[in-house]
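Text of structure03.csv, listed as CSV, C-alpha atoms:
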```
chain,number,residue,atom,x,y,z
A,1,MET,CA,33.7,-78.0,-32.8
A,2,VAL,CA,34.6,-81.5,-34.0
A,3,VAL,CA,32.4,-82.7,-36.7
A,4,ALA,CA,34.2,-85.8,-37.9
A,5,VAL,CA,36.2,-88.5,-36.1
A,6,SER,CA,37.4,-91.6,-37.7
A,7,SER,CA,40.0,-94.3,-37.2
A,8,ARG,CA,43.1,-93.9,-39.4
A,9,SER,CA,46.5,-95.7,-39.0
A,10,GLY,CA,46.1,-96.3,-35.3
A,11,GLY,CA,45.2,-92.7,-34.6
A,12,LEU,CA,42.3,-90.3,-34.7
A,13,SER,CA,41.6,-88.1,-37.7
A,14,ILE,CA,40.3,-84.8,-36.5
A,15,CYS,CA,38.6,-82.3,-38.8
A,16,GLU,CA,37.7,-78.8,-37.7
A,17,VAL,CA,35.1,-76.7,-39.4
A,18,VAL,CA,34.5,-74.1,-36.7
A,19,ALA,CA,37.5,-73.2,-34.4
A,20,SER,CA,36.7,-74.1,-30.8
A,21,SER,CA,38.7,-74.7,-27.6
A,22,ARG,CA,36.1,-77.2,-26.6
A,23,ARG,CA,37.0,-80.9,-26.4
A,24,SER,CA,34.9,-84.0,-26.9
A,25,PRO,CA,34.5,-86.4,-23.9
A,26,ALA,CA,37.1,-88.7,-25.2
A,27,GLY,CA,39.7,-85.9,-25.0
A,28,TRP,CA,39.9,-85.1,-28.7
A,29,ALA,CA,41.0,-81.7,-29.7
A,30,THR,CA,40.2,-79.6,-32.8
A,31,GLU,CA,43.1,-78.6,-35.0
A,32,SER,CA,43.5,-75.2,-36.6
A,33,GLY,CA,43.8,-74.8,-40.4
A,34,ARG,CA,47.1,-73.8,-42.0
A,35,GLY,CA,47.8,-70.4,-43.4
A,36,GLY,CA,44.4,-68.9,-44.3
A,37,GLY,CA,42.7,-70.9,-41.5
A,38,GLY,CA,40.8,-73.3,-43.8
A,39,ALA,CA,39.7,-76.6,-42.3
A,40,TYR,CA,41.8,-79.7,-42.8
A,41,CYS,CA,42.4,-83.1,-41.1
A,42,ARG,CA,45.4,-84.2,-39.2
A,43,ALA,CA,45.9,-87.6,-37.5
A,44,VAL,CA,46.6,-87.5,-33.8
A,45,ASN,CA,47.1,-90.5,-31.5
A,46,SER,CA,45.0,-90.2,-28.4
A,47,ALA,CA,47.9,-91.3,-26.3
A,48,ASP,CA,49.9,-88.2,-27.4
A,49,LEU,CA,47.1,-86.0,-26.0
A,50,GLN,CA,46.7,-88.1,-22.9
A,51,GLY,CA,50.4,-87.8,-22.1
A,52,LEU,CA,50.1,-84.1,-21.8
A,53,ARG,CA,47.2,-84.4,-19.3
A,54,THR,CA,48.0,-87.3,-17.0
A,55,GLY,CA,50.9,-88.3,-14.8
A,56,SER,CA,53.4,-86.3,-12.7
A,57,LEU,CA,54.6,-83.0,-14.0
A,58,ALA,CA,58.0,-84.5,-14.7
A,59,THR,CA,56.4,-87.3,-16.7
A,60,ARG,CA,54.4,-84.7,-18.7
A,61,GLU,CA,57.5,-82.6,-19.3
A,62,ALA,CA,59.3,-85.7,-20.6
A,63,HIS,CA,56.4,-86.3,-22.9
A,64,VAL,CA,56.7,-82.8,-24.3
A,65,HIS,CA,60.3,-83.5,-25.1
A,66,ASP,CA,59.4,-86.8,-26.8
A,67,LEU,CA,56.8,-85.0,-28.9
A,68,LEU,CA,59.3,-82.4,-29.9
A,69,GLU,CA,61.9,-85.0,-30.8
A,70,ARG,CA,59.4,-86.9,-32.9
A,71,ALA,CA,58.1,-83.8,-34.6
A,72,GLY,CA,61.6,-82.5,-35.3
A,73,THR,CA,63.4,-85.5,-36.4
A,74,ARG,CA,60.7,-87.6,-38.0
A,75,GLY,CA,58.0,-85.1,-38.9
A,76,ASP,CA,55.5,-87.1,-36.9
A,77,GLU,CA,52.1,-85.7,-37.6
A,78,SER,CA,50.5,-87.0,-34.4
A,79,ALA,CA,53.3,-85.3,-32.3
A,80,VAL,CA,52.8,-82.0,-34.2
A,81,ALA,CA,49.1,-82.1,-33.8
A,82,ALA,CA,49.4,-82.7,-30.0
A,83,LEU,CA,51.8,-79.8,-29.7
A,84,HIS,CA,49.3,-77.6,-31.6
A,85,VAL,CA,46.6,-78.6,-29.0
A,86,LEU,CA,49.0,-77.6,-26.3
A,87,VAL,CA,49.5,-74.1,-27.9
A,88,ARG,CA,45.9,-73.6,-28.8
A,89,ASP,CA,44.4,-74.7,-25.4
A,90,TYR,CA,47.4,-73.5,-23.4
A,91,ARG,CA,45.3,-72.4,-20.3
A,92,GLU,CA,44.4,-76.1,-19.8
A,93,PHE,CA,48.1,-77.1,-19.4
A,94,HIS,CA,50.8,-76.5,-16.9
A,95,ARG,CA,53.0,-73.5,-17.8
A,96,SER,CA,56.1,-75.7,-17.7
A,97,LEU,CA,54.8,-77.7,-20.6
A,98,TYR,CA,54.0,-74.6,-22.6
A,99,SER,CA,57.4,-73.0,-22.0
A,100,ARG,CA,59.3,-76.2,-22.9
A,101,ALA,CA,57.3,-76.5,-26.1
A,102,MET,CA,57.9,-72.9,-27.1
A,103,ASN,CA,61.6,-73.2,-26.6
A,104,HIS,CA,61.5,-75.2,-29.8
A,105,ALA,CA,58.5,-73.6,-31.5
A,106,ALA,CA,60.1,-73.8,-34.9
A,107,VAL,CA,59.7,-77.6,-34.8
A,108,PHE,CA,55.9,-77.4,-35.0
A,109,ALA,CA,55.4,-73.9,-36.5
A,110,ASP,CA,52.1,-73.3,-38.1
A,111,ALA,CA,50.5,-69.9,-39.1
A,112,GLY,CA,47.1,-71.3,-37.9
A,113,LEU,CA,48.3,-70.9,-34.3
A,114,GLN,CA,48.3,-67.1,-34.6
A,115,GLU,CA,45.2,-66.5,-32.6
A,116,PRO,CA,46.1,-68.4,-29.5
A,117,LEU,CA,49.7,-67.0,-29.6
A,118,LEU,CA,48.3,-63.5,-29.7
A,119,ALA,CA,46.0,-64.3,-26.8
A,120,ALA,CA,48.9,-65.6,-24.8
A,121,LEU,CA,50.9,-62.5,-25.4
A,122,GLY,CA,48.5,-60.5,-23.3
A,123,ASP,CA,47.6,-63.2,-20.8
A,124,THR,CA,49.3,-61.9,-17.6
A,125,ARG,CA,47.5,-64.5,-15.5
A,126,TYR,CA,49.0,-67.5,-17.3
A,127,ASN,CA,52.4,-65.7,-17.1
A,128,CYS,CA,54.1,-67.2,-20.1
A,129,GLN,CA,54.3,-64.1,-22.2
A,130,ALA,CA,58.1,-64.6,-22.9
A,131,TRP,CA,57.4,-68.0,-24.4
A,132,ALA,CA,54.5,-66.7,-26.4
A,133,VAL,CA,56.8,-64.1,-27.8
A,134,MET,CA,59.2,-66.9,-28.8
A,135,GLY,CA,56.4,-68.6,-30.6
A,136,CYS,CA,55.4,-65.5,-32.5
A,137,ALA,CA,59.0,-65.1,-33.7
A,138,ALA,CA,59.4,-68.7,-34.7
A,139,MET,CA,56.2,-68.7,-36.6
A,140,ASP,CA,56.7,-65.3,-38.3
A,141,ILE,CA,53.5,-63.8,-36.9
A,142,ARG,CA,53.9,-60.2,-37.8
A,143,ALA,CA,50.5,-59.4,-36.5
A,144,ALA,CA,52.1,-59.6,-33.1
A,145,VAL,CA,54.3,-56.5,-33.6
A,146,PRO,CA,51.9,-54.0,-32.0
A,147,GLN,CA,51.6,-56.1,-28.9
A,148,LEU,CA,55.3,-56.8,-28.8
A,149,VAL,CA,56.0,-53.0,-28.7
A,150,THR,CA,53.9,-52.7,-25.6
A,151,LEU,CA,56.0,-55.5,-23.9
A,152,LEU,CA,59.3,-53.6,-24.3
A,153,ASP,CA,58.8,-52.1,-20.8
A,154,HIS,CA,57.5,-55.3,-19.2
A,155,PRO,CA,58.6,-55.8,-15.6
A,156,GLN,CA,60.0,-59.2,-16.3
A,157,TRP,CA,63.5,-59.1,-17.8
A,158,ILE,CA,63.0,-62.3,-19.8
A,159,VAL,CA,59.9,-60.8,-21.5
A,160,ARG,CA,61.8,-57.7,-22.5
A,161,GLY,CA,64.7,-59.7,-23.8
A,162,GLU,CA,62.6,-62.1,-25.9
A,163,THR,CA,60.5,-59.2,-27.2
A,164,VAL,CA,63.6,-57.3,-28.4
A,165,THR,CA,64.8,-60.4,-30.2
A,166,ALA,CA,61.4,-61.0,-31.8
A,167,LEU,CA,61.1,-57.4,-33.0
A,168,GLY,CA,64.5,-57.8,-34.6
A,169,ARG,CA,63.0,-60.5,-36.7
A,170,LEU,CA,59.4,-59.3,-37.2
A,171,GLY,CA,59.7,-55.5,-36.9
A,172,ASP,CA,60.4,-52.7,-39.4
A,173,ALA,CA,61.4,-49.1,-39.2
A,174,SER,CA,58.2,-48.2,-37.3
A,175,VAL,CA,59.4,-50.0,-34.2
A,176,VAL,CA,62.8,-48.4,-34.0
A,177,PRO,CA,61.7,-45.3,-32.0
A,178,ALA,CA,60.2,-47.7,-29.3
A,179,MET,CA,63.4,-49.8,-29.2
A,180,ARG,CA,65.9,-47.0,-29.3
A,181,PRO,CA,65.7,-46.2,-25.6
A,182,LEU,CA,66.8,-49.7,-24.7
A,183,LEU,CA,70.3,-48.8,-26.0
A,184,GLY,CA,70.6,-47.0,-22.8
A,185,ASP,CA,69.3,-49.8,-20.5
A,186,PRO,CA,71.4,-50.4,-17.4
A,187,ALA,CA,71.7,-54.1,-18.4
A,188,ASP,CA,74.6,-54.7,-20.7
A,189,TRP,CA,73.0,-57.8,-22.2
A,190,LEU,CA,69.9,-56.0,-23.1
A,191,ARG,CA,71.8,-53.2,-24.8
A,192,GLN,CA,73.7,-55.7,-26.8
A,193,ARG,CA,70.5,-57.6,-27.8
A,194,THR,CA,68.8,-54.3,-28.8
A,195,ALA,CA,71.8,-53.4,-31.0
A,196,ASP,CA,71.6,-56.8,-32.7
A,197,ALA,CA,67.9,-56.4,-33.2
A,198,LEU,CA,68.2,-53.0,-34.8
A,199,ALA,CA,70.9,-54.3,-37.1
A,200,GLY,CA,68.4,-57.1,-38.0
A,201,ILE,CA,65.7,-54.6,-38.9
A,202,GLY,CA,68.2,-52.5,-40.9
A,203,GLY,CA,67.4,-49.3,-42.7
A,204,ASP,CA,68.2,-45.6,-42.1
A,205,ALA,CA,66.3,-45.3,-38.8
A,206,ALA,CA,68.1,-48.2,-37.2
A,207,LEU,CA,71.5,-47.0,-38.5
A,208,GLU,CA,70.9,-43.5,-37.0
A,209,ALA,CA,69.9,-45.0,-33.6
A,210,LEU,CA,73.2,-47.0,-33.5
A,211,TRP,CA,75.3,-44.1,-34.8
A,212,HIS,CA,73.9,-41.7,-32.2
A,213,GLU,CA,75.0,-44.2,-29.5
A,214,PHE,CA,78.4,-44.4,-31.2
A,215,GLU,CA,78.8,-40.6,-31.2
A,216,HIS,CA,77.3,-39.9,-27.8
A,217,ARG,CA,78.7,-42.9,-25.9
A,218,ARG,CA,77.0,-43.5,-22.6
A,219,PHE,CA,79.0,-46.6,-21.7
A,220,PRO,CA,82.7,-47.1,-21.8
A,221,ARG,CA,82.6,-50.4,-23.7
A,222,ILE,CA,80.5,-50.4,-26.9
A,223,GLY,CA,81.9,-53.2,-28.9
A,224,TYR,CA,78.4,-54.3,-29.7
A,225,ILE,CA,77.7,-50.9,-31.3
A,226,ALA,CA,80.9,-51.2,-33.3
A,227,SER,CA,80.0,-54.7,-34.5
A,228,THR,CA,76.5,-53.9,-35.5
A,229,LEU,CA,77.5,-50.7,-37.3
A,230,ALA,CA,79.8,-52.8,-39.5
A,231,LEU,CA,76.7,-54.6,-40.7
A,232,PHE,CA,75.6,-51.4,-42.4
A,233,THR,CA,78.4,-51.6,-44.9
A,234,PRO,CA,79.0,-49.9,-47.3
A,235,GLU,CA,77.0,-46.8,-46.4
A,236,VAL,CA,78.5,-46.6,-42.9
A,237,VAL,CA,82.2,-46.8,-44.0
A,238,PRO,CA,82.7,-43.1,-44.9
A,239,ARG,CA,81.3,-42.2,-41.4
A,240,LEU,CA,83.7,-44.6,-39.7
A,241,LEU,CA,86.7,-43.3,-41.8
A,242,ALA,CA,85.9,-39.8,-40.6
A,243,ALA,CA,85.5,-40.9,-37.0
A,244,VAL,CA,89.1,-42.1,-36.9
A,245,ASP,CA,90.2,-38.5,-37.1
A,246,SER,CA,88.2,-37.6,-33.9
A,247,THR,CA,90.1,-35.9,-31.0
A,248,ASP,CA,88.4,-38.5,-28.8
A,249,PRO,CA,90.6,-41.6,-28.5
A,250,ASP,CA,87.6,-43.7,-27.5
A,251,GLN,CA,85.8,-42.9,-30.7
A,252,ARG,CA,88.9,-43.6,-32.7
A,253,TYR,CA,89.3,-46.9,-30.9
A,254,TRP,CA,85.7,-48.1,-31.6
A,255,ALA,CA,85.8,-46.7,-35.2
A,256,ALA,CA,88.9,-48.9,-35.8
A,257,VAL,CA,87.1,-51.9,-34.3
A,258,ALA,CA,84.1,-51.3,-36.6
A,259,LEU,CA,86.2,-50.8,-39.7
A,260,GLY,CA,87.9,-54.1,-39.1
A,261,SER,CA,84.6,-55.9,-39.2
A,262,THR,CA,83.5,-54.3,-42.5
A,263,GLY,CA,86.0,-56.1,-44.7
A,264,ASP,CA,86.2,-52.9,-46.8
A,265,ASP,CA,89.5,-52.2,-48.7
A,266,ARG,CA,89.2,-48.5,-47.8
A,267,ALA,CA,89.8,-49.2,-44.2
A,268,VAL,CA,93.3,-50.8,-44.8
A,269,PRO,CA,95.5,-47.7,-45.0
A,270,VAL,CA,93.6,-46.0,-42.2
A,271,LEU,CA,94.0,-49.0,-39.9
A,272,GLU,CA,97.7,-49.2,-40.8
A,273,ARG,CA,98.2,-45.5,-40.0
A,274,LEU,CA,96.5,-45.9,-36.6
A,275,MET,CA,98.5,-49.0,-35.8
A,276,ALA,CA,101.8,-47.3,-36.6
A,277,GLY,CA,101.3,-44.0,-34.8
A,278,ASP,CA,98.1,-43.6,-32.7
A,279,ARG,CA,99.1,-43.8,-29.0
A,280,GLY,CA,95.7,-42.7,-27.7
A,281,VAL,CA,94.3,-44.5,-24.7
A,282,THR,CA,90.7,-45.1,-23.8
A,283,VAL,CA,88.9,-44.6,-20.5
A,284,PHE,CA,89.3,-48.4,-19.9
A,285,ASP,CA,93.0,-48.3,-20.8
A,286,GLY,CA,92.6,-49.7,-24.3
A,287,GLU,CA,95.2,-48.5,-26.9
A,288,VAL,CA,93.9,-47.2,-30.2
A,289,ARG,CA,96.9,-48.7,-32.0
A,290,THR,CA,96.2,-52.1,-30.5
A,291,ALA,CA,92.6,-52.0,-31.6
A,292,ALA,CA,93.7,-51.0,-35.1
A,293,LYS,CA,96.2,-54.0,-35.2
A,294,LYS,CA,93.5,-56.4,-34.2
A,295,ALA,CA,91.0,-54.8,-36.6
A,296,LEU,CA,93.4,-55.2,-39.5
A,297,ARG,CA,93.7,-58.9,-38.8
A,298,THR,CA,90.0,-59.2,-38.6
A,299,LEU,CA,89.5,-57.4,-41.9
A,300,ARG,CA,92.0,-59.6,-43.7
A,301,ARG,CA,90.3,-62.7,-42.4
A,302,ILE,CA,87.0,-61.5,-43.7
A,303,GLN,CA,88.5,-60.6,-47.0
A,304,ALA,CA,90.1,-64.0,-47.3
A,305,ALA,CA,86.9,-65.7,-46.4
A,306,ILE,CA,85.0,-63.7,-49.1
A,307,ALA,CA,87.6,-64.5,-51.7
A,308,GLU,CA,87.4,-68.2,-50.9
A,309,ARG,CA,83.7,-68.2,-51.1
A,310,GLU,CA,83.8,-66.4,-54.5
A,311,ARG,CA,86.3,-68.9,-55.8
A,312,ALA,CA,84.0,-71.8,-54.7
A,313,GLU,CA,81.0,-70.2,-56.3
A,314,ALA,CA,83.0,-69.6,-59.6
A,315,GLN,CA,84.0,-73.3,-59.6
A,316,VAL,CA,80.4,-74.4,-59.2
A,317,GLU,CA,79.2,-72.1,-62.0
A,318,ALA,CA,82.0,-73.4,-64.2
```

Let me see the file written as structure tokens.
Amino acid sequence: MVVAVSSRSGGLSICEVVASSRRSPAGWATESGRGGGGAYCRAVNSADLQGLRTGSLATREAHVHDLLERAGTRGDESAVAALHVLVRDYREFHRSLYSRAMNHAAVFADAGLQEPLLAALGDTRYNCQAWAVMGCAAMDIRAAVPQLVTLLDHPQWIVRGETVTALGRLGDASVVPAMRPLLGDPADWLRQRTADALAGIGGDAALEALWHEFEHRRFPRIGYIASTLALFTPEVVPRLLAAVDSTDPDQRYWAAVALGSTGDDRAVPVLERLMAGDRGVTVFDGEVRTAAKKALRTLRRIQAAIAERERAEAQVEA
């Protein structure tokens, strides 16, 4: 419900007291309050709203890109307000406009958009759930987590993928059991994205899920598991050091890869030993000693980068 409209700097000042999706005859839109949802005023040029409603689809898509550019590079309040209208009243706009805006949702992020984003998550008719997921992640809407969990088995691959990424940012240990089965998904890209998301969540439950996949390997190439396990340094290092003594050359191979990414000094003598004497071969014809050699180079690069950063920080403090 718009209760005040006044001219200001060539635009319209729109104040909202009661949230409403209704629009005045002139095409004015209400604007949600920030954070706690309190009312506030934001200037919006009527042409910015009109550009979302009239003209060919290509013209309207170009207008969305213009709004995003103005909002992102200049902090243009009118452009931001128009994008907020697009999100809040999404059913009134073409899906192509909504998806293009949500690809860059961080540009106009506002906690006041939580309600329409949550609505779009469950709106199967509008069919833009993947982009609503992007918006929730970009705007840090943790209230979306329960709905996101239900989207993990969505029939559309893009929804599943974006949901996994969003849960990696918004979720906590409580979502790990729901995500864990995706480590066995037939799609390699989704397994990798799930491993990355679990590493982003962190904690014991996520580590155990990744370690289980490391020990009970279901796929021949699990470099993504090795890479994400390394992010749990230092607690994972003793496990990896023990794994290099496995009778399974595949496990020794991937343990070496993971150790190289930890940057941990304890891995150096172990990798040197593997490089010198382990002639084991994996199911995909990878040599353990070759993996150890590459891992040792990786470890030394990481250590050199850490040392350089520490030197730079010491110089700044001095």

Using all atoms listed in the file: which of A:Glu235, A:Asp250, A:Asp76, A:Asp264 has the shortest distance to Ile222 of chain A:
A:Asp250

Hey, what's within 12 Å of Pro234 of chain A if we count all atoms listed in the file and toss same-chain stuff fewer than 4 positions away? As an mmCIF file with C-alpha atoms, keeping the file's coordinate frame, please?
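Writing done, so here's result_16.cif:
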```cif
data_model
loop_
_atom_site.group_PDB
_atom_site.id
_atom_site.type_symbol
_atom_site.label_atom_id
_atom_site.label_comp_id
_atom_site.auth_asym_id
_atom_site.auth_seq_id
_atom_site.Cartn_x
_atom_site.Cartn_y
_atom_site.Cartn_z
ATOM 1 C CA LEU A 207 71.500 -47.000 -38.500
ATOM 2 C CA LEU A 229 77.500 -50.700 -37.300
ATOM 3 C CA ALA A 230 79.800 -52.800 -39.500
ATOM 4 C CA PRO A 238 82.700 -43.100 -44.900
ATOM 5 C CA ARG A 239 81.300 -42.200 -41.400
ATOM 6 C CA LEU A 240 83.700 -44.600 -39.700
ATOM 7 C CA LEU A 241 86.700 -43.300 -41.800
ATOM 8 C CA ALA A 258 84.100 -51.300 -36.600
ATOM 9 C CA LEU A 259 86.200 -50.800 -39.700
ATOM 10 C CA SER A 261 84.600 -55.900 -39.200
ATOM 11 C CA THR A 262 83.500 -54.300 -42.500
ATOM 12 C CA GLY A 263 86.000 -56.100 -44.700
ATOM 13 C CA ASP A 264 86.200 -52.900 -46.800
ATOM 14 C CA ASP A 265 89.500 -52.200 -48.700
ATOM 15 C CA ARG A 266 89.200 -48.500 -47.800
ATOM 16 C CA ALA A 267 89.800 -49.200 -44.200
#
```

Between atom CA of Arg289 of chain A and atom CA of Pro220 of chain A, what is the distance in Å, rounded to a tenth?
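Computing it gives 17.6 Å between the two atoms.
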
Against segment 157-178 of chain A, which residues of segment 207-249 of chain A fall within 12 Å? For each one I want the closest pair of atoms and the distance in Å (one decimal), counting only C-alpha atoms, rows by chain and increasing residue number, as CSV.
```
residue,atom,partner,partner_atom,distance
A:Leu207,CA,A:Val176,CA,9.9
A:Glu208,CA,A:Val176,CA,9.9
A:Ala209,CA,A:Val176,CA,7.9
A:Leu210,CA,A:Val176,CA,10.5
```

Shortest contact to Leu198 of chain A, candidates A:Val268, A:Val288, A:Pro181, A:Thr228, atoms counted only C-alpha atoms, goes to A:Thr228

Can you measure atom CA of Pro249 of chain A to atom CA of Arg273 of chain A for me? One decimal in Å is fine.
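It comes out at 14.3 Å.
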
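One distance worth recording is that between atom CA of His212 of chain A and atom CA of Met134 of chain A, which is 29.4 Å.
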
For Met102 of chain A, please output as a VMD selection string all residues within 8 Å (counting only C-alpha atoms; exclusion window: fewer than 4 positions along the same chain).
chain A and resid 98 131 to 132 134 to 135

Atoms kept (C-alpha atoms) for selection, written as an mmCIF file, keeping the file's coordinate frame:
```cif
data_model
loop_
_atom_site.group_PDB
_atom_site.id
_atom_site.type_symbol
_atom_site.label_atom_id
_atom_site.label_comp_id
_atom_site.auth_asym_id
_atom_site.auth_seq_id
_atom_site.Cartn_x
_atom_site.Cartn_y
_atom_site.Cartn_z
ATOM 1 C CA TYR A 98 54.000 -74.600 -22.600
ATOM 2 C CA TRP A 131 57.400 -68.000 -24.400
ATOM 3 C CA ALA A 132 54.500 -66.700 -26.400
ATOM 4 C CA MET A 134 59.200 -66.900 -28.800
ATOM 5 C CA GLY A 135 56.400 -68.600 -30.600
#
```

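All protein and nucleic acid residues in the vicinity of (49.0, -88.4, -38.0), that is within 6 Å when counting all atoms listed in the file, are Arg42, Ala43, Val44, Glu77 and Ser78 of chain A.
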